[in-house]
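Step one of this worksheet: look at the structure below.
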Amino acid sequence: ALSSSGIGLVWTNRSSTQTLVAIERCASPCSRFTEIARVAGSATSFTDSGLAARKSYSYRVRAQNSAGWSPYSATATARTTR
């Protein structure tokens with residue numbers, strides 16, 4: 001968590017062919033992920049802002065290239081501060 005309203009995400013980019021990365025979020029209690037952003041394929045970080053204080057959020061990412069979508073990343077969970 002970066003603050004009471006922001007969470008910073010960082011991931012490893014292991015491909016030079018991806019054209020974009022889709023970022024999905026699920027608020028606790030998590031029942032369904034929703035895409036919140038698409039960033040350049042070379043991106044390795046994203047800041048999610050405007051979140052509720054003292055709430056947990058789960059994230060996952062996947063990449064796209066000319067062959068289609070990658071599998072989803074592992075899920076990461078963080079809680080905003082108060």
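Note on naming: chains are A, B, ... as they come in the structure tokens, residues start from 1 per chain, ligands start from 1 in the order shown.
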### Distance query range 24-36 of chain A at most 12 Å, only C-alpha atoms, self and fewer than 3 positions along chain excluded, as a PyMOL selection string
chain A and resi 7+9+21+39+46-63+72-80
### Message
Taking 5 positions as the minimum chain separation for residues in the same chain, which residues sit within 8 Å of Thr44 in chain A when counting only C-alpha atoms? Answer as a PyMOL selection string.
### Response
chain A and resi 10-13
### Query
What gap, in Å, lies between CA of Asn65 in chain A and CA of Ile23 in chain A?
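These two atoms are separated by 15.1 Å.
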